[in-house]
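What follows is upload.txt (compact mmCIF, C-alpha atoms).
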```txt
# COMPACT_ATOMS: atom_id res chain seq x y z
CA MET A 31 0.00 0.00 0.00
CA THR A 32 1.31 3.48 -0.89
CA GLU A 33 1.99 5.54 2.21
CA PRO A 34 -0.74 8.21 2.52
CA THR A 35 -0.11 11.84 3.09
CA ALA A 36 -2.06 14.35 5.17
CA HIS A 37 -2.26 17.06 2.55
CA ASP A 38 -5.65 18.67 2.56
CA GLU A 39 -5.16 20.03 -0.94
CA PRO A 40 -4.76 18.26 -4.23
CA PRO A 41 -1.47 18.08 -6.11
CA GLY A 42 -0.61 21.56 -7.27
CA GLY A 43 -1.79 23.16 -4.04
CA GLY A 44 1.45 25.13 -3.93
CA LEU A 45 0.66 26.50 -7.36
CA GLY A 46 -2.81 27.46 -6.12
CA THR A 47 -1.28 29.42 -3.26
CA ARG A 48 1.05 31.24 -5.63
CA LEU A 49 -1.85 32.06 -7.93
CA ASN A 50 -3.79 33.50 -4.99
CA TRP A 51 -0.84 35.75 -4.15
CA LEU A 52 -0.54 36.78 -7.79
CA ARG A 53 -4.25 37.54 -7.99
CA ALA A 54 -4.01 39.66 -4.83
CA ALA A 55 -1.07 41.54 -6.34
CA VAL A 56 -3.02 42.24 -9.53
CA LEU A 57 -6.01 43.48 -7.57
CA GLY A 58 -3.79 45.64 -5.35
CA ALA A 59 -2.20 47.23 -8.40
CA ASN A 60 -5.65 47.75 -9.88
CA ASP A 61 -6.74 49.59 -6.72
CA GLY A 62 -3.66 51.77 -6.95
CA VAL A 63 -4.43 52.67 -10.57
CA VAL A 64 -8.10 53.51 -9.99
CA SER A 65 -7.81 55.42 -6.72
CA THR A 66 -4.80 57.50 -7.76
CA ALA A 67 -6.21 58.15 -11.22
CA GLY A 68 -9.46 59.38 -9.71
CA LEU A 69 -7.55 61.65 -7.36
CA VAL A 70 -5.19 63.27 -9.89
CA VAL A 71 -7.86 63.61 -12.59
CA GLY A 72 -10.13 65.28 -10.06
CA VAL A 73 -7.40 67.71 -9.07
CA ALA A 74 -6.63 68.30 -12.77
CA GLY A 75 -10.24 69.38 -13.20
CA ALA A 76 -9.63 72.16 -10.70
CA THR A 77 -6.08 73.23 -11.49
CA GLY A 78 -3.35 72.74 -14.06
CA SER A 79 -0.50 73.31 -11.60
CA ARG A 80 2.08 70.54 -12.00
CA SER A 81 3.29 70.93 -8.41
CA THR A 82 -0.26 70.64 -7.07
CA LEU A 83 -0.90 67.55 -9.17
CA LEU A 84 2.37 65.99 -8.01
CA THR A 85 1.65 66.76 -4.37
CA ALA A 86 -1.87 65.36 -4.56
CA GLY A 87 -0.73 62.27 -6.44
CA LEU A 88 2.13 61.51 -4.05
CA ALA A 89 -0.12 62.03 -1.04
CA GLY A 90 -2.69 59.66 -2.53
CA LEU A 91 -0.04 57.08 -3.37
CA LEU A 92 1.46 57.09 0.11
CA ALA A 93 -1.86 57.19 1.93
CA GLY A 94 -3.29 54.40 -0.20
CA SER A 95 -0.27 52.12 -0.03
CA MET A 96 0.08 52.56 3.74
CA SER A 97 -3.62 51.96 4.23
CA MET A 98 -3.48 48.80 2.11
CA ALA A 99 -0.42 47.53 3.99
CA ALA A 100 -1.91 48.27 7.41
CA GLY A 101 -5.23 46.66 6.52
CA GLU A 102 -3.53 43.56 5.15
CA TYR A 103 -1.28 43.31 8.20
CA VAL A 104 -4.23 43.46 10.59
CA SER A 105 -6.27 41.00 8.54
CA VAL A 106 -3.50 38.43 8.14
CA SER A 107 -2.40 38.82 11.77
CA THR A 108 -5.94 37.93 12.84
CA GLN A 109 -5.90 34.92 10.54
CA ARG A 110 -2.54 33.79 11.87
CA ASP A 111 -3.71 34.15 15.48
CA SER A 112 -6.77 32.04 14.66
CA GLU A 113 -4.59 29.38 13.03
CA LYS A 114 -2.28 29.28 16.06
CA ALA A 115 -5.24 28.99 18.42
CA ALA A 116 -6.71 26.15 16.38
CA LEU A 117 -3.38 24.31 16.39
CA ALA A 118 -3.02 24.78 20.15
CA GLU A 119 -6.51 23.35 20.70
CA GLU A 120 -5.75 20.41 18.44
CA ARG A 121 -2.49 19.78 20.30
CA ARG A 122 -4.40 19.73 23.60
CA GLU A 123 -7.01 17.31 22.25
CA LEU A 124 -4.32 14.97 20.93
CA ARG A 125 -2.66 14.97 24.35
CA GLU A 126 -5.87 14.43 26.36
CA ARG A 127 -7.85 12.03 24.12
CA PRO A 128 -5.61 10.44 21.49
CA GLU A 129 -7.98 7.54 20.71
CA ALA A 130 -10.92 9.84 20.05
CA GLU A 131 -8.75 11.93 17.79
CA LEU A 132 -7.63 8.83 15.90
CA ASP A 133 -11.28 7.87 15.39
CA GLU A 134 -12.02 11.40 14.21
CA LEU A 135 -9.19 11.30 11.67
CA THR A 136 -10.41 7.93 10.45
CA GLY A 137 -13.89 9.36 9.95
CA LEU A 138 -12.55 12.34 8.05
CA LEU A 139 -10.57 10.12 5.71
CA THR A 140 -13.62 7.93 5.21
CA THR A 141 -15.70 10.92 4.10
CA ARG A 142 -13.02 11.58 1.49
CA GLY A 143 -13.64 8.28 -0.23
CA LEU A 144 -11.44 5.76 1.58
CA SER A 145 -12.94 2.51 2.78
CA PRO A 146 -13.17 2.19 6.59
CA GLY A 147 -10.29 -0.29 6.75
CA VAL A 148 -7.99 1.73 4.53
CA ALA A 149 -8.98 4.94 6.32
CA ARG A 150 -8.09 3.38 9.68
CA GLU A 151 -4.72 2.19 8.44
CA ALA A 152 -4.00 5.58 6.88
CA ALA A 153 -5.03 7.39 10.08
CA GLU A 154 -2.73 5.19 12.16
CA GLN A 155 0.23 5.77 9.83
CA LEU A 156 -0.34 9.52 9.73
CA THR A 157 -0.72 9.69 13.51
CA ALA A 158 2.44 7.68 14.08
CA ARG A 159 4.41 9.96 11.76
CA ASP A 160 3.05 13.35 12.96
CA ALA A 161 -0.36 13.45 14.57
CA LEU A 162 -0.61 17.24 14.82
CA ARG A 163 0.34 17.82 11.18
CA ALA A 164 -2.13 15.15 10.05
CA HIS A 165 -5.03 16.72 11.94
CA ALA A 166 -3.99 20.23 10.99
CA ARG A 167 -4.07 19.45 7.29
CA VAL A 168 -6.99 17.01 7.12
CA GLU A 169 -9.27 18.45 9.80
CA LEU A 170 -8.36 22.15 9.88
CA GLY A 171 -6.98 22.72 6.39
CA ILE A 172 -3.86 24.34 7.87
CA ASP A 173 -0.24 23.66 7.03
CA PRO A 174 1.56 24.21 10.36
CA ASP A 175 4.83 24.75 8.49
CA ALA A 176 3.41 27.53 6.31
CA LEU A 177 1.31 29.81 8.47
CA THR A 178 0.37 33.12 6.89
CA ASN A 179 2.93 35.88 7.45
CA PRO A 180 1.38 39.33 8.07
CA TRP A 181 4.60 41.18 7.22
CA HIS A 182 4.88 39.47 3.85
CA ALA A 183 1.25 40.24 3.10
CA ALA A 184 1.61 43.88 4.14
CA GLY A 185 4.75 44.35 2.05
CA ALA A 186 3.17 42.74 -1.00
CA SER A 187 0.09 44.97 -0.71
CA PHE A 188 2.24 48.07 -0.30
CA LEU A 189 4.33 47.29 -3.38
CA ALA A 190 1.36 46.27 -5.53
CA PHE A 191 -0.60 49.43 -4.74
CA THR A 192 2.46 51.62 -5.26
CA ALA A 193 3.22 50.03 -8.62
CA GLY A 194 -0.33 50.66 -9.79
CA ALA A 195 -0.46 54.21 -8.43
CA LEU A 196 2.76 55.26 -10.16
CA LEU A 197 1.17 55.00 -13.61
CA PRO A 198 -1.49 57.72 -13.28
CA LEU A 199 0.86 59.86 -11.18
CA LEU A 200 3.57 59.89 -13.85
CA ALA A 201 1.02 60.22 -16.64
CA ILE A 202 -0.46 63.38 -15.14
CA VAL A 203 2.81 65.19 -14.32
CA LEU A 204 5.23 64.25 -17.13
CA PRO A 205 3.40 65.24 -20.36
CA PRO A 206 2.92 68.87 -21.43
CA ALA A 207 -0.09 70.59 -19.89
CA PRO A 208 -2.40 70.26 -22.95
CA ASP A 209 -1.79 66.50 -23.15
CA ARG A 210 -1.94 65.54 -19.47
CA LEU A 211 -5.58 64.60 -19.24
CA TRP A 212 -5.91 62.45 -22.34
CA VAL A 213 -2.55 60.75 -21.73
CA THR A 214 -3.62 59.90 -18.19
CA VAL A 215 -7.05 58.63 -19.21
CA ALA A 216 -5.66 56.54 -22.05
CA SER A 217 -2.87 55.09 -19.88
CA VAL A 218 -5.23 54.26 -17.04
CA LEU A 219 -7.80 52.58 -19.28
CA ALA A 220 -5.08 50.52 -20.96
CA ALA A 221 -3.71 49.44 -17.56
CA LEU A 222 -7.20 48.57 -16.30
CA ALA A 223 -7.88 46.53 -19.42
CA LEU A 224 -4.66 44.62 -18.79
CA THR A 225 -5.35 43.97 -15.09
CA GLY A 226 -8.93 42.99 -15.90
CA TRP A 227 -7.77 40.53 -18.52
CA TRP A 228 -5.08 39.10 -16.25
CA SER A 229 -7.35 38.70 -13.22
CA ALA A 230 -9.93 36.94 -15.40
CA ARG A 231 -7.27 34.64 -16.75
CA LEU A 232 -6.08 33.76 -13.26
CA GLY A 233 -9.65 32.98 -12.26
CA GLU A 234 -10.40 31.15 -15.54
CA ALA A 235 -13.33 33.51 -16.17
CA PRO A 236 -14.40 35.22 -19.42
CA ALA A 237 -11.94 38.03 -20.08
CA GLY A 238 -14.25 40.30 -22.06
CA ARG A 239 -16.66 41.03 -19.24
CA ALA A 240 -13.83 41.49 -16.73
CA VAL A 241 -12.11 44.01 -19.01
CA LEU A 242 -15.36 45.92 -19.56
CA ARG A 243 -16.12 46.03 -15.83
CA ASN A 244 -12.62 47.20 -15.02
CA THR A 245 -12.35 49.88 -17.65
CA GLY A 246 -15.94 51.00 -17.14
CA GLY A 247 -15.46 51.40 -13.41
CA GLY A 248 -12.21 53.30 -13.89
CA ALA A 249 -13.71 55.58 -16.54
CA LEU A 250 -16.69 56.33 -14.29
CA ALA A 251 -14.41 57.12 -11.33
CA MET A 252 -12.33 59.54 -13.41
CA ALA A 253 -15.41 61.17 -14.94
CA VAL A 254 -16.99 61.75 -11.53
CA THR A 255 -13.85 63.14 -9.90
CA TYR A 256 -13.03 65.33 -12.90
CA ALA A 257 -16.54 66.77 -12.87
CA ALA A 258 -16.29 67.45 -9.15
CA GLY A 259 -12.88 69.07 -9.55
CA SER A 260 -14.08 71.21 -12.43
CA LEU A 261 -17.06 72.43 -10.43
CA LEU A 262 -14.89 73.26 -7.43
CA GLY A 263 -12.33 74.98 -9.62
CA ALA A 264 -15.02 77.04 -11.35
CA ALA A 265 -16.44 78.04 -7.99
CA GLY A 266 -12.98 79.09 -6.82
CA ILE A 267 -13.00 76.74 -3.85
```
What does the file become when written as C-alpha cells?
Amino acid sequence: MTEPTAHDEPPGGGLGTRLNWLRAAVLGANDGVVSTAGLVVGVAGATGSRSTLLTAGLAGLLAGSMSMAAGEYVSVSTQRDSEKAALAEERRELRERPEAELDELTGLLTTRGLSPGVAREAAEQLTARDALRAHARVELGIDPDALTNPWHAAGASFLAFTAGALLPLLAIVLPPAPDRLWVTVASVLAALALTGWWSARLGEAPAGRAVLRNTGGGALAMAVTYAAGSLLGAAGI
C-alpha cells in the first residue's frame, strides 16, 4: 500500500497558493491605478499646476499604499492568530484524548472516499508519523509549516498598490499641460484593461466582461472626480 499523506489540498496546491498571491497583487495594483487616477484627474479638473498635481498624487499614493499595507497586516495577523489557536486546541485534544482523535481522523478520511479499513490504516500511519500535522491538514486545512505571514502580506500589498499608483501619477505630471488629461485617461484605461484581462485569466473567467467592468469602473471614477474638480475649480474653492 502506498503511504498516505495528510495534505488537505490536491497536487498543485502550492501552485494554487502562488496564484492566490498573484491575484491579490493584480487586484492591489488595480486599486492603486483607480484610486490614484481618480484623485489626480479630479485635481486636474480644478487646477493645471504641476506641483499641485504631483503633491496630490504623491499624497494619494502614500496614503493608499500605507492603508493597504496596514489593513492587510491586521487581517493576516488575525488569521494567523486564529490558526495558532486552532493548532493549540488540536495539540491539547491529541494529548488528552488520542484515541478519540484517531477515530475522528479515520472518519474524516472515510468521508473523502477511503474505505473504513484503509482509512483506519492511513489514520494510524499519519498519527504515528506526525499526529498534529495530520489533523492540521486534514481536519483544519492548515499547514503548520506555512502559516500566513502578516509582514509578507503587508509588504506585498504596499508594493502592488504603489506600482499601480505610479502610472497615473507619472502620466499626469510628465506630459505637457495640454496632453496631461488624455494621456492619463488613455494610460489608465489601458492598464485597467490589462489587469482585468489578467485577473480573469487567473480565475479562468471570461476576459471580455472582466475588461469591460474594469475599464468601465475606472472611466466612471475619473469622470466623476473630474466633474467634481471642475465644479470646485469654477467656484474658486
CA of Thr245 (chain A) to CA of Phe191 (chain A), straight-line distance in Å: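 Here the two named atoms are 17.5 Å from each other.
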d(CA of Val241 (chain A), CA of Val56 (chain A)) in Å: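 Spanning CA of Val241 (chain A) to CA of Val56 (chain A) is a straight-line distance of 13.3 Å.
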Nearest-residue call for Ile202 (chain A), choices A:Ser107, A:Leu52, A:Ser79, A:Gly58, using all atoms listed in the file: A:Ser79
Proximity to Ala55 (chain A) - best of A:Leu84, A:Ala183, A:Leu262, A:Met96, only C-alpha atoms: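 Using only C-alpha atoms, the shortest distance to Ala55 (chain A) belongs to A:Ala183.
The closest residue to Ala93 (chain A), picked from A:Pro180, A:Gly62, A:Gly259, A:Gly185 and counting only C-alpha atoms, is A:Gly62.
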Exercise: Glu129 (chain A) partners within 12 Å, all atoms listed in the file, chain neighbours under 3 positions left out, as a ChimeraX atom specification: /A:123-126,132-136,150,153-154,157,161
Spatial neighbours of Ala201 (chain A), 8 Å, all atoms listed in the file, chain gap at least 4 places, as a ChimeraX atom specification: /A:197,205,210,213-214,217
All residues 12 Å or closer to Arg121 (chain A), all atoms listed in the file, same chain fewer than 3 positions away omitted, as an MDAnalysis selection string: chainID A and resid 114:118 124:128 131 160:166 174
Long-range neighbours of Ala223 (chain A) as a list in words, 7 Å cut-off, only C-alpha atoms, 2 positions minimum in chain: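 Counting only the stated atoms, we get Leu219, Ala220, Ala221, Thr225, Gly226, Trp227, Val241, Asn244 and Thr245 of chain A.
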Straight-line distance linking CA of Tyr103 (chain A) with CA of His182 (chain A), stated in Å to one decimal: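 Computed distance, CA of Tyr103 (chain A) to CA of His182 (chain A), equals 8.5 Å.
When only C-alpha atoms are used to compute distances to Gly90 (chain A), the closest of the residues A:Ala251, A:Ala152, A:Leu69, A:Ala59 turns out to be A:Leu69.
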Write out as an mmCIF file with C-alpha atoms, in the coordinates of the input the residues lying within 7 Å of Val71 (chain A), counting all atoms listed in the file and excluding same-chain residues fewer than 4 positions away.
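Below is the file result13.cif, written as the result:
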```cif
data_model
loop_
_atom_site.group_PDB
_atom_site.id
_atom_site.type_symbol
_atom_site.label_atom_id
_atom_site.label_comp_id
_atom_site.auth_asym_id
_atom_site.auth_seq_id
_atom_site.Cartn_x
_atom_site.Cartn_y
_atom_site.Cartn_z
ATOM 1 C CA ALA A 67 -6.210 58.150 -11.220
ATOM 2 C CA GLY A 75 -10.240 69.380 -13.200
ATOM 3 C CA MET A 252 -12.330 59.540 -13.410
ATOM 4 C CA THR A 255 -13.850 63.140 -9.900
ATOM 5 C CA TYR A 256 -13.030 65.330 -12.900
#
```
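Candidate residues A:Ala258, A:Ala186, A:Val104, A:Arg239 were compared for distance to Val70 (chain A), and the nearest is A:Ala258, using only C-alpha atoms.
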Nearest-residue call for Leu83 (chain A), choices A:Leu242, A:Ala54, A:Val254, A:Val203, using only C-alpha atoms: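 Of A:Leu242, A:Ala54, A:Val254, A:Val203, the one nearest Leu83 (chain A) is A:Val203, counting only C-alpha atoms.
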Assuming 3 Å of padding per side, give the centre and edge lengths of the axis-aligned box around every listed atom of region 145-157 of chain A, in Å to one decimal and as AutoDock Vina command-line options.
```
--center_x -6.5 --center_y 4.7 --center_z 8.1 --size_x 19.4 --size_y 16.0 --size_z 16.7
```
